[in-house]
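Here is the structure we will look at, set down as structure tokens.
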Amino acid sequence: MLNPNAKIIEPKGVRLRDPEDFSTLRDDIYNDALTAVEKSFPQKYGSIVMRVSDLRYVDPPTFTKKYEKEAIAKDQYLGRKLKGKISLLDKEGNLLDEKDTTLMRVPYLTDRGTFIHGGNDYGSLMQTRLIPGVYTRRQENGNLETQVNTRPGAGSSFRIGFEADTGQYNIKVRSANIHLYSLMKDMGVDEDVMKKTWGEQLYAKNAANYDPTAINRAYEKAVPAYQKKAAGDSPDKGKMLREFFDKVQVHEHVTRNNLPYKFDLEKAAQVNAIEICNEAMLPSFAPSLSAETAMDLYFARNPQTLELLKEASEFTPVPSHLKWLSWYKNFEEGQTSPYDEENKLAWRKAAAHYSPLDPSDPEVLLGAASWAIDLSGSDEADKEKNIVNALNYLEINKAQDTILKEANFTGSTFHEIINLIDND
């Protein structure tokens, strides 16, 4: 789905338009033709200089459908006359001769995108081309596919696919579908990098399907024949394939727009985890861990603290997880809203963030609990106990720092909160 708020990338010196906006294209043709004639002067012939001035079109900018029909019926040409004043001067600048004349007839582009020439309606073929960059789409079968469209002369384009049902990554190079993990392993890519980027689960699934023939198939398809010949009988296939991928060049702005986490492997892994997270994967609170309890626990076990924060709402926005917990309480009771899908996605993002972290860390446990995510793996009856134990473990100054970072209170309001915590 197209993003109406996406930043439009305009190549230098190019005005973008809709491919079927023939009115704009017609104006561009006329303007460019006039500018080209203007730039081609003055001309010198020995000691004589020829200049042009007063360039203009003498025909109307558009023609009616009736006029077009007559031009076709009478085998005529449809265009606009570009006139100008030609002046001849000697080397001292004295005027020798001058004439106002038709310089050229610029073809008229109809609203159908055709030119009428000799009574025939001619149309030209147009082909839209992607700017060099990285583009991801979801295929009709639900799988994800990323196309790396390279700059002409800077390596070959290729595609990377992800099979949702098997969790396998594949790379397609010149029609050959190759197991990506196997190829990268034999090219010398660090296993820890793949594990961190894909996550433990996906990494394990792909590693279990290692294909030793992948590098040979990639070498045959990706490396040009002249390089194979120069390499002789014992080529370093991994090195040559690395050189193949190193040549790839894409547009920087497209890459930064489409891959915002390109330079942050942790965020990239988090985004990937969100993609593979099951739509039905939503939290299920035990009665003892209701939304109200989780809110109270987050603010150092004191309901009065939460009430004080509500009163001070003019100083601070409500944290996103508190909004989410309020929504979930209604959702669990069967109430629907236009924001259901948005809130499910918010939880999946939080789950993707907290799931790989250490559940023995009290701050991690509490952060997950504030999103109703249980990392303890305990029975329902022990969940609240684990959270309370984590709160008891944290030093009071850490609780103060947490509140200070998440709230923008006046000094007096903040100290009231701290006093409530200290007195608990």
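Letters for chains follow the order of the structure tokens (A, B, ...), residue numbers begin at 1 for each chain, and ligand numbers begin at 1 in the order shown.
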
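Counting only C-alpha atoms, region 132-142 of chain A has the following residues at most 7 Å away, ignoring those fewer than 6 positions along the same chain: Val148, Asn149, Thr150, Arg151, Val250, His251, Val254, Thr255 and Asn258 of chain A.
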
Can you pull out every residue within 10 Å of region 94-109 of chain A, counting only C-alpha atoms, but drop anything in the same chain fewer than 5 positions away, and send it as an NGL selection string? :A and (22-23 or 25-27 or 29-30 or 33-34 or 37 or 48-58 or 61-63 or 68 or 77-89 or 114-117 or 122-123)
